[in-house]
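> Contents of target-v6.cif (mmCIF, C-alpha atoms) are given next:
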data_upload
loop_
_atom_site.label_atom_id
_atom_site.label_comp_id
_atom_site.auth_asym_id
_atom_site.auth_seq_id
_atom_site.Cartn_x
_atom_site.Cartn_y
_atom_site.Cartn_z
CA MET A 1 115.23 118.12 119.34
CA LYS A 2 116.78 115.61 116.89
CA GLN A 3 120.07 114.06 117.94
CA PHE A 4 122.93 113.44 115.53
CA THR A 5 125.78 110.96 115.63
CA THR A 6 129.43 111.86 116.05
CA ARG A 7 130.11 110.96 112.43
CA GLN A 8 127.42 113.35 111.20
CA ILE A 9 128.72 116.23 113.31
CA VAL A 10 132.28 115.56 112.12
CA LEU A 11 131.17 115.68 108.49
CA LEU A 12 129.19 118.85 109.11
CA SER A 13 132.21 120.44 110.82
CA MET A 14 134.42 119.59 107.86
CA LEU A 15 131.81 121.04 105.51
CA MET A 16 131.73 124.37 107.35
CA GLU A 17 135.49 124.64 107.77
CA VAL A 18 136.60 123.50 104.31
CA GLY A 19 133.69 124.19 101.93
CA ILE A 20 134.06 127.86 101.04
CA THR A 21 137.51 128.25 102.62
CA GLY A 22 139.14 126.13 99.95
CA MET A 23 137.93 128.37 97.14
CA HIS A 24 140.12 131.48 97.25
CA ALA A 25 141.36 131.81 100.84
CA PRO A 26 144.52 129.83 99.92
CA THR A 27 145.28 132.50 97.34
CA GLN A 28 145.47 135.18 100.00
CA ALA A 29 147.46 132.91 102.29
CA ALA A 30 150.03 132.25 99.55
CA ASP A 31 150.20 135.95 98.71
CA TYR A 32 151.51 136.67 102.21
CA ALA A 33 153.05 133.44 103.52
CA HIS A 34 154.44 132.24 100.15
CA GLN A 35 155.76 128.65 100.35
CA HIS A 36 154.65 128.36 103.99
CA ALA A 37 151.00 129.08 103.23
CA TYR A 38 149.94 125.75 104.70
CA TRP A 39 151.01 127.01 108.14
CA THR A 40 148.26 129.62 107.98
CA CYS A 41 145.65 126.84 108.24
CA ALA A 42 147.30 125.48 111.37
CA MET A 43 147.56 128.91 113.02
CA ALA A 44 143.92 129.75 112.29
CA ALA A 45 142.90 126.34 113.65
CA ILE A 46 144.77 126.98 116.90
CA VAL A 47 142.91 130.25 117.38
CA LEU A 48 139.57 128.50 116.78
CA CYS A 49 140.33 126.03 119.58
CA LEU A 50 139.57 128.77 122.12
CA PRO A 51 135.94 129.51 121.09
CA ILE A 52 135.28 125.79 120.57
CA TRP A 53 136.31 125.16 124.18
CA ALA A 54 134.06 127.99 125.38
CA MET A 55 131.13 126.69 123.31
CA LEU A 56 131.53 123.19 124.71
CA ARG A 57 131.47 124.52 128.27
CA LEU A 58 128.42 126.60 127.45
CA LYS A 59 126.63 123.69 125.77
CA ARG A 60 126.82 121.65 128.96
CA ARG A 61 124.40 124.10 130.57
CA PHE A 62 121.91 123.80 127.68
CA PRO A 63 122.05 120.15 126.56
CA ASP A 64 118.60 120.24 124.90
CA GLN A 65 118.84 123.66 123.24
CA ASP A 66 120.74 125.24 120.41
CA LEU A 67 122.67 128.42 121.19
CA LEU A 68 120.09 130.72 119.62
CA GLN A 69 117.41 129.27 121.85
CA ALA A 70 119.67 129.44 124.91
CA ILE A 71 120.35 133.14 124.37
CA VAL A 72 116.66 134.00 124.15
CA SER A 73 115.62 131.81 127.08
CA SER A 74 118.28 133.28 129.37
CA HIS A 75 117.78 136.96 128.47
CA PRO A 76 114.55 137.52 126.48
CA VAL A 77 115.12 141.22 125.67
CA LEU A 78 118.90 141.56 125.46
CA GLY A 79 119.08 138.14 123.86
CA ARG A 80 116.84 139.18 120.99
CA MET A 81 118.93 142.31 120.49
CA LEU A 82 122.04 140.15 120.24
CA LEU A 83 120.29 137.83 117.80
CA ALA A 84 119.45 140.85 115.63
CA MET A 85 123.19 141.56 115.31
CA TYR A 86 123.94 137.94 114.55
CA LEU A 87 121.17 138.00 111.95
CA ILE A 88 123.00 140.74 110.06
CA ILE A 89 126.27 138.79 110.27
CA PHE A 90 124.62 135.60 109.01
CA LEU A 91 122.97 137.53 106.17
CA ILE A 92 126.28 139.00 105.00
CA LEU A 93 127.88 135.57 105.27
CA PHE A 94 125.13 134.04 103.14
CA ALA A 95 125.41 136.83 100.55
CA ARG A 96 129.20 136.38 100.37
CA ASP A 97 129.03 132.61 99.90
CA LEU A 98 126.20 132.83 97.37
CA ARG A 99 128.19 135.36 95.34
CA ILE A 100 131.28 133.14 95.43
CA ILE A 101 129.55 129.99 94.19
CA THR A 102 127.60 131.94 91.56
CA ASP A 103 130.80 133.38 90.13
CA LEU A 104 132.50 129.98 90.27
CA VAL A 105 129.70 128.26 88.35
CA GLU A 106 129.65 131.05 85.78
CA VAL A 107 133.40 130.80 85.20
CA THR A 108 133.72 127.02 85.16
CA LEU A 109 130.43 125.48 84.04
CA LEU A 110 128.00 128.06 82.56
CA PRO A 111 129.98 130.93 81.00
CA LEU A 112 127.17 131.89 78.60
CA THR A 113 124.38 131.98 81.19
CA PRO A 114 123.55 135.35 82.82
CA ILE A 115 124.85 135.51 86.36
CA VAL A 116 121.48 136.58 87.79
CA VAL A 117 119.91 133.43 86.35
CA ILE A 118 122.63 131.24 87.84
CA SER A 119 122.16 132.86 91.24
CA LEU A 120 118.39 132.34 91.09
CA ILE A 121 118.85 128.67 90.27
CA MET A 122 121.22 128.34 93.23
CA LEU A 123 118.75 130.15 95.48
CA LEU A 124 115.93 127.84 94.42
CA THR A 125 118.00 124.81 95.40
CA LEU A 126 119.06 126.36 98.71
CA THR A 127 115.53 127.29 99.77
CA PHE A 128 114.21 123.76 99.32
CA MET A 129 117.24 122.48 101.18
CA ALA A 130 116.73 124.86 104.12
CA LYS A 131 112.98 124.19 104.29
CA GLY A 132 113.79 120.53 104.83
CA GLY A 133 115.48 121.42 108.11
CA ILE A 134 118.81 120.53 109.61
CA SER A 135 118.15 116.80 109.07
CA THR A 136 118.06 117.29 105.30
CA ILE A 137 121.30 119.29 105.37
CA VAL A 138 123.05 116.69 107.51
CA ASN A 139 121.91 113.89 105.19
CA MET A 140 123.30 115.79 102.21
CA ALA A 141 126.59 116.35 104.04
CA GLU A 142 126.87 112.58 104.51
CA PHE A 143 126.96 112.25 100.72
CA THR A 144 128.84 115.36 99.58
CA VAL A 145 131.65 115.55 102.16
CA PRO A 146 132.91 111.96 101.69
CA THR A 147 132.86 112.57 97.94
CA LEU A 148 135.00 115.67 98.44
CA ILE A 149 137.45 113.75 100.65
CA MET A 150 137.75 110.86 98.19
CA THR A 151 138.39 113.28 95.34
CA LEU A 152 141.05 115.09 97.34
CA LEU A 153 142.85 111.93 98.46
CA THR A 154 142.95 110.43 94.97
CA MET A 155 144.27 113.57 93.29
CA PRO A 156 147.97 112.94 94.12
CA LEU A 157 147.78 109.59 92.31
CA PHE A 158 147.16 111.35 88.98
CA PHE A 159 149.47 114.35 89.27
CA GLY A 160 152.69 112.35 88.95
CA HIS A 161 155.54 114.48 87.66
CA ASN A 162 153.50 117.68 88.13
CA ILE A 163 154.28 117.61 91.86
CA ASP A 164 157.38 119.72 92.50
CA PHE A 165 158.65 119.71 96.08
CA SER A 166 161.16 122.45 95.30
CA ALA A 167 158.23 124.89 95.40
CA MET A 168 158.38 124.68 99.21
CA ARG A 169 162.00 125.88 99.48
CA PRO A 170 163.40 127.25 101.69
CA TYR A 171 161.77 124.94 104.21
CA LEU A 172 163.13 126.37 107.46
CA HIS A 173 163.01 130.11 106.82
CA PRO A 174 159.36 131.18 107.06
CA ASP A 175 158.27 134.79 106.89
CA ILE A 176 156.63 135.05 110.31
CA GLY A 177 154.90 138.32 109.50
CA GLY A 178 153.58 136.93 106.23
CA VAL A 179 152.31 133.77 107.91
CA VAL A 180 150.46 135.85 110.50
CA LYS A 181 148.85 138.03 107.80
CA GLY A 182 147.88 134.95 105.80
CA SER A 183 146.42 133.34 108.94
CA TRP A 184 144.29 136.44 109.47
CA ARG A 185 142.68 135.99 106.04
CA MET A 186 142.30 132.24 106.51
CA LEU A 187 140.66 132.71 109.91
CA GLY A 188 137.85 134.77 108.40
CA TYR A 189 136.72 131.73 106.39
CA MET A 190 137.58 128.86 108.73
CA ALA A 191 135.60 130.58 111.51
CA ASP A 192 132.41 129.52 109.71
CA LEU A 193 132.83 126.38 111.78
CA MET A 194 131.49 128.29 114.80
CA ILE A 195 128.02 128.46 113.24
CA LEU A 196 127.34 124.85 114.24
CA PRO A 197 126.70 125.50 117.98
CA PHE A 198 123.98 127.98 116.94
CA ILE A 199 121.95 125.24 115.24
CA ILE A 200 122.99 122.01 117.01
CA SER A 201 121.89 121.01 120.51
CA GLY A 202 124.38 120.46 123.30
CA ARG A 203 123.88 116.69 123.34
CA SER A 204 124.94 116.37 119.69
CA TYR A 205 127.66 119.04 119.78
CA ASN A 206 129.86 117.24 122.30
CA ALA A 207 133.60 117.35 122.87
CA ARG A 208 134.40 114.28 120.81
CA SER A 209 132.53 115.39 117.69
CA ALA A 210 133.63 119.03 117.94
CA TRP A 211 137.36 118.36 118.35
CA LEU A 212 137.48 115.51 115.85
CA GLY A 213 135.63 117.54 113.22
CA HIS A 214 137.93 120.52 113.76
CA LEU A 215 141.04 118.33 113.55
CA VAL A 216 140.00 116.54 110.35
CA GLY A 217 138.85 119.81 108.75
CA THR A 218 142.21 121.43 109.50
CA VAL A 219 144.13 118.47 108.06
CA VAL A 220 142.03 118.57 104.88
CA MET A 221 142.70 122.30 104.48
CA ILE A 222 146.45 121.77 104.93
CA ILE A 223 146.39 119.03 102.27
CA ILE A 224 144.51 121.28 99.85
CA VAL A 225 146.96 124.16 100.27
CA LEU A 226 149.97 121.83 100.01
CA LEU A 227 148.70 120.28 96.77
CA GLU A 228 148.09 123.72 95.29
CA GLU A 229 151.61 124.79 96.21
CA LEU A 230 153.28 121.65 94.84
CA VAL A 231 151.29 121.40 91.60
CA ILE A 232 150.44 124.99 90.64
CA GLY A 233 153.32 126.80 92.30
CA VAL A 234 153.22 129.71 94.71
CA PRO A 235 153.76 132.53 92.15
CA ILE A 236 150.78 131.40 90.06
CA MET A 237 148.67 130.31 93.02
CA SER A 238 148.87 133.75 94.64
CA ARG A 239 147.33 135.33 91.50
CA LEU A 240 144.34 133.02 91.06
CA PHE A 241 140.85 133.58 92.44
CA TYR A 242 140.04 129.87 92.37
CA PRO A 243 143.27 127.89 92.89
CA SER A 244 141.29 124.75 93.76
CA TYR A 245 139.71 124.81 90.29
CA GLU A 246 143.10 125.31 88.67
CA LEU A 247 144.35 122.34 90.70
CA ALA A 248 141.55 120.21 89.26
CA ARG A 249 142.46 121.37 85.74
CA GLN A 250 145.87 119.73 86.15
CA LEU A 251 144.17 116.32 86.28
CA GLN A 252 144.59 114.59 82.93
CA LEU A 253 143.76 110.90 83.00
CA THR A 254 143.92 110.30 79.25
CA ASP A 255 143.82 112.33 76.05
CA PHE A 256 140.08 111.80 75.97
CA LEU A 257 139.57 113.00 79.56
CA ASP A 258 141.80 116.05 79.36
CA ARG A 259 138.97 118.19 80.80
CA PHE A 260 138.42 116.03 83.86
CA ASP A 261 138.10 119.25 85.86
CA PHE A 262 134.47 119.53 84.73
CA PHE A 263 133.69 116.28 86.50
CA VAL A 264 135.50 117.39 89.67
CA ALA A 265 133.72 120.76 89.63
CA ALA A 266 130.35 119.03 89.21
CA LEU A 267 131.13 116.92 92.29
CA ASN A 268 132.20 119.90 94.40
CA VAL A 269 129.29 122.23 93.60
CA PRO A 270 126.80 120.17 95.69
CA THR A 271 129.25 120.36 98.59
CA LEU A 272 129.37 124.14 98.36
CA LEU A 273 125.57 124.31 98.05
CA THR A 274 125.20 122.25 101.22
CA LYS A 275 127.45 124.65 103.09
CA ILE A 276 125.47 127.67 101.90
CA GLY A 277 122.29 125.81 102.81
CA VAL A 278 123.53 125.90 106.41
CA ASP A 279 123.94 129.69 106.09
CA LEU A 280 120.34 130.07 104.91
CA TYR A 281 119.06 127.70 107.58
CA VAL A 282 120.73 129.58 110.44
CA ILE A 283 119.24 132.88 109.20
CA SER A 284 115.74 131.41 109.15
CA LEU A 285 116.25 129.78 112.55
CA THR A 286 117.46 133.09 114.00
CA VAL A 287 114.27 134.81 112.85
CA LYS A 288 112.24 132.00 114.39
CA ARG A 289 114.05 132.34 117.74
CA MET A 290 113.57 136.12 117.76
CA PHE A 291 109.83 135.88 117.08
CA ALA A 292 108.41 132.77 118.71
CA GLN A 293 105.12 132.99 116.80
CA THR A 294 106.92 132.90 113.43
CA ARG A 295 107.31 129.68 111.47
CA GLY A 296 110.90 129.37 110.34
CA GLY A 297 109.91 127.48 107.20
CA LEU A 298 107.88 130.45 105.99
CA MET A 299 110.89 132.74 106.40
CA VAL A 300 113.19 130.77 104.12
CA TRP A 301 111.96 132.40 100.88
CA PRO A 302 111.97 136.03 102.17
CA VAL A 303 115.41 135.83 103.77
CA GLY A 304 116.72 133.91 100.77
CA LEU A 305 115.56 136.62 98.37
CA LEU A 306 117.03 139.26 100.70
CA GLY A 307 120.36 137.45 100.67
CA TYR A 308 120.15 137.16 96.87
CA VAL A 309 119.74 140.94 96.55
CA CYS A 310 122.49 141.61 99.09
CA SER A 311 124.90 139.33 97.20
CA PHE A 312 124.82 141.77 94.27
CA MET A 313 124.43 144.98 96.28
CA LEU A 314 127.33 144.29 98.64
CA PHE A 315 129.66 142.57 96.17
CA SER A 316 129.49 143.69 92.56
CA ASN A 317 132.34 141.32 91.64
CA ILE A 318 134.60 138.70 93.17
CA ILE A 319 137.44 141.20 93.64
CA GLN A 320 135.42 143.04 96.29
CA ILE A 321 135.01 139.82 98.25
CA TYR A 322 138.76 139.29 98.01
CA ASP A 323 139.48 142.80 99.33
CA PHE A 324 136.78 142.52 102.01
CA SER A 325 138.54 139.57 103.70
CA ARG A 326 140.70 141.73 105.98
CA GLU A 327 137.78 143.65 107.51
CA TRP A 328 135.50 140.62 107.55
CA THR A 329 137.97 138.67 109.68
CA MET A 330 137.68 141.33 112.39
CA VAL A 331 133.90 140.86 112.42
CA MET A 332 134.28 137.09 112.67
CA VAL A 333 136.81 137.42 115.50
CA ILE A 334 134.44 139.64 117.51
CA PHE A 335 131.30 137.55 117.06
CA PHE A 336 132.71 134.02 116.78
CA VAL A 337 135.95 134.10 118.80
CA PHE A 338 135.43 136.64 121.60
CA MET A 339 131.65 136.47 121.96
CA PRO A 340 131.57 132.75 122.91
CA PHE A 341 133.56 133.60 126.04
CA VAL A 342 131.15 136.43 126.88
CA LEU A 343 128.17 134.13 126.41
CA TRP A 344 129.84 131.45 128.53
CA LEU A 345 130.16 133.95 131.38
CA LEU A 346 126.66 135.41 131.10
CA LEU A 347 124.23 132.67 130.05
CA ARG A 348 122.62 130.55 132.73
CA PRO A 349 119.67 128.17 132.24
CA LYS A 350 116.39 129.02 133.91
CA PRO A 351 114.66 126.38 136.04
CA LYS A 352 112.00 125.79 133.37
CA ALA A 353 113.70 126.52 130.06
CA ASP A 354 111.69 125.86 126.93
CA SER A 355 113.31 123.28 124.66
CA GLY A 356 111.37 123.68 121.42
CA GLU A 357 112.12 122.06 118.13
CA ALA A 358 115.07 123.25 116.07
CA ASN A 359 113.55 122.21 112.76
CA LEU A 360 111.95 124.86 110.64
#
Would you kindly transcribe this structure into C-alpha cells?

Amino acid sequence: MKQFTTRQIVLLSMLMEVGITGMHAPTQAADYAHQHAYWTCAMAAIVLCLPIWAMLRLKRRFPDQDLLQAIVSSHPVLGRMLLAMYLIIFLILFARDLRIITDLVEVTLLPLTPIVVISLIMLLTLTFMAKGGISTIVNMAEFTVPTLIMTLLTMPLFFGHNIDFSAMRPYLHPDIGGVVKGSWRMLGYMADLMILPFIISGRSYNARSAWLGHLVGTVVMIIIVLLEELVIGVPIMSRLFYPSYELARQLQLTDFLDRFDFFVAALNVPTLLTKIGVDLYVISLTVKRMFAQTRGGLMVWPVGLLGYVCSFMLFSNIIQIYDFSREWTMVMVIFFVFMPFVLWLLLRPKPKADSGEANL
C-alpha cells in the first residue's frame, strides 16, 4: 500500500473539511448564530476530535490496511453488510456534492449551458481522476489546496474599506442556542473529513497528520466565515446560497479587473472537483472491498453514472440540499462520529490479515 507524507495528508484533510463546506454551510451558520457564526466551525471541530481519536486508536491495529479492508478482514459477513450501508451513504454524499458544484458552475461560469451537460462534463473529469487512484487525487490536492489557501490569505489585502468590524457586534453576547443549531449544520459538512481513514492506511494516517490537518482545516474555515461576515454582512450572508462566491465578487483590483471573481472561481473549481473525486474513489473502493474479485477501476464509470442520476433524482434544486442539511447531519453523526467508537471496540486484526493494494 502506498505511503503518503504528513504534508500530503494535511492537504487532503483540509480539502475534505473545507472544500464543499465553504460553499453554503456558512449561510446556514449565519442564519442561526448571526455575528457569532465563526464559533460554529470551532464547535463542530471539537465534536470531530472524538471520532478522530477513535480512528487513530483503531488504525494502530491495522497499520497496513485502510478501514474498509480492516472491516472486511475482521468480520467477512457482517463487515460486508456494514460496507453496504456505508456505500449508500457515500453515494448520497457524492450525489450531493456533484449537484452543488454543478449548480455553482451553472450560476457563475456557464449560465447558458444546460445543467445536465455541465454535470456530465464534471462526471467525465471525476471518473478519470478516480481511475487514477488515490495517488492521482493526492497529487492534485498538492496543487489545488495551496492555491485555495493563497487566494484566501491574499483576499484581505484587496478588500480595504469593505471590511466592517462593526458587523460582529455585540461581541460578548452570543446566542448559545443559535450557535448550537448553526454548529449542527456545519458538522454535517465538516464531517466529510472522516472519509480519509476509509481510504488511507494506518501508517499514513498517523496522529501528527490527522490532528494537524484538522487544526489547519478548522482555522481556514473560521477565516472564511469571518471574512464573509466582515465584508458581506450577516443579514445578506444568511440569505445567499454561495456566500463564498459573493465574497470573491467584492474583489476589485482595478476598473479593468472588476470581475476578478471569475478568476477566483476558476481557481476554486478544481479544488471542489478534487474533493468530489475522493467521494467517487471511496465508492469504487467500497465496492472492491465488498467483492474481492471485482476490479475497482472498472466500477468507477457505473457508480459515477449512478451518482449522476441520483444527484438529479434526490435533489431537484439547490434549495432541497439546503433543507436536507438538518437530517443529513444526523446520518453523518451516526456513521462518522458514533460508529468509529463501535468499530474501535469490535475490530481486531486476524493473525494473517490480507493487506492488498488500495489503488483501483
> Could you name the residues that touch Ala30 of chain A at 12 Å or less, counting only C-alpha atoms, but leaving out those on the same chain fewer than 6 positions away, as a ChimeraX atom specification?
/A:24,36-41,167-168,175,178-183,185-186,225-226,228-229,232-241,243
> Please return, as a short mmCIF file (atom, residue, chain, number, x, y, z; two decimals) with C-alpha atoms, in the frame of the given file, all polymer residues that have at least one atom within 12 Å of the point (139.5, 131.9, 92.0); use only C-alpha atoms and the file's own coordinate frame.

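Below is the file that was written, point_22.cif:
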data_model
loop_
_atom_site.label_atom_id
_atom_site.label_comp_id
_atom_site.auth_asym_id
_atom_site.auth_seq_id
_atom_site.Cartn_x
_atom_site.Cartn_y
_atom_site.Cartn_z
CA ILE A 20 134.06 127.86 101.04
CA THR A 21 137.51 128.25 102.62
CA GLY A 22 139.14 126.13 99.95
CA MET A 23 137.93 128.37 97.14
CA HIS A 24 140.12 131.48 97.25
CA ALA A 25 141.36 131.81 100.84
CA PRO A 26 144.52 129.83 99.92
CA THR A 27 145.28 132.50 97.34
CA GLN A 28 145.47 135.18 100.00
CA ILE A 100 131.28 133.14 95.43
CA ILE A 101 129.55 129.99 94.19
CA THR A 102 127.60 131.94 91.56
CA ASP A 103 130.80 133.38 90.13
CA LEU A 104 132.50 129.98 90.27
CA VAL A 105 129.70 128.26 88.35
CA GLU A 106 129.65 131.05 85.78
CA VAL A 107 133.40 130.80 85.20
CA THR A 108 133.72 127.02 85.16
CA ILE A 236 150.78 131.40 90.06
CA MET A 237 148.67 130.31 93.02
CA SER A 238 148.87 133.75 94.64
CA ARG A 239 147.33 135.33 91.50
CA LEU A 240 144.34 133.02 91.06
CA PHE A 241 140.85 133.58 92.44
CA TYR A 242 140.04 129.87 92.37
CA PRO A 243 143.27 127.89 92.89
CA SER A 244 141.29 124.75 93.76
CA TYR A 245 139.71 124.81 90.29
CA GLU A 246 143.10 125.31 88.67
CA LEU A 247 144.35 122.34 90.70
CA ASN A 317 132.34 141.32 91.64
CA ILE A 318 134.60 138.70 93.17
CA ILE A 319 137.44 141.20 93.64
CA ILE A 321 135.01 139.82 98.25
CA TYR A 322 138.76 139.29 98.01
#
> Take the point (119.3, 128.7, 107.0) in the file's coordinates, draw a sphere of radius 10 Å around it, and report as number ranges by chain every protein, DNA or RNA residue with an atom inside or on it, counting all atoms listed in the file.
A: 90-91, 94, 126-127, 129-131, 133-134, 137, 199, 275-287, 296-297, 299-300, 303-304, 360
> How many Å lie between atom CA of Ile52 of chain A and atom CA of Gly79 of chain A, rounded to one decimal?
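Going from atom CA of Ile52 of chain A over to atom CA of Gly79 of chain A, I get 20.6 Å.
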> What separation in Å, quoted to one decimal, exists between atom CA of Arg249 of chain A and atom CA of Phe315 of chain A?
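Value for the atom CA of Arg249 of chain A-atom CA of Phe315 of chain A distance: 26.9 Å.
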> Can you work out which one of A:Gly217, A:Pro114, A:Pro156, A:Gly177 has the shortest atom-to-atom distance to Leu251 of chain A, counting all atoms listed in the file?
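Under the stated criterion, the closest residue is A:Pro156.
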> Need to verify the contact set: Leu187 of chain A, 8 Å, all atoms listed in the file, exclusion of same-chain residues closer than 5 positions in sequence. Can you return it as an MDAnalysis selection string?
chainID A and resid 41 44:45 329
> Could you take the residues named above and write them with C-alpha atoms, as a CSV table (one decimal), in the frame of the given file?

chain,number,residue,atom,x,y,z
A,41,CYS,CA,145.6,126.8,108.2
A,44,ALA,CA,143.9,129.8,112.3
A,45,ALA,CA,142.9,126.3,113.6
A,329,THR,CA,138.0,138.7,109.7
> Determine, counting only C-alpha atoms, which protein, DNA and RNA residues have an atom within 12 Å of an atom of Met290 of chain A; residues of the same chain fewer than 4 positions away are not included. Present the result as a PyMOL selection string.
chain A and resi 68-73+75-87+283-286+294-296
> Just the residues within 12 Å of Ala54 of chain A, please, counting only C-alpha atoms, with nothing from its chain fewer than 6 positions along; format it as a list in words.
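Those residues are Leu48, Arg60, Arg61, Met194, Pro197, Asn206, Ala207, Ala210, Phe336, Val337, Phe338, Met339, Pro340, Phe341, Val342, Leu343, Trp344, Leu345, Leu346 and Leu347 of chain A.
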> Which is closer to Ile200 of chain A than all the others in A:Met55, A:Val116, A:Val309, A:Met155, using only C-alpha atoms?
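Using only C-alpha atoms, Ile200 of chain A sits closest to A:Met55.
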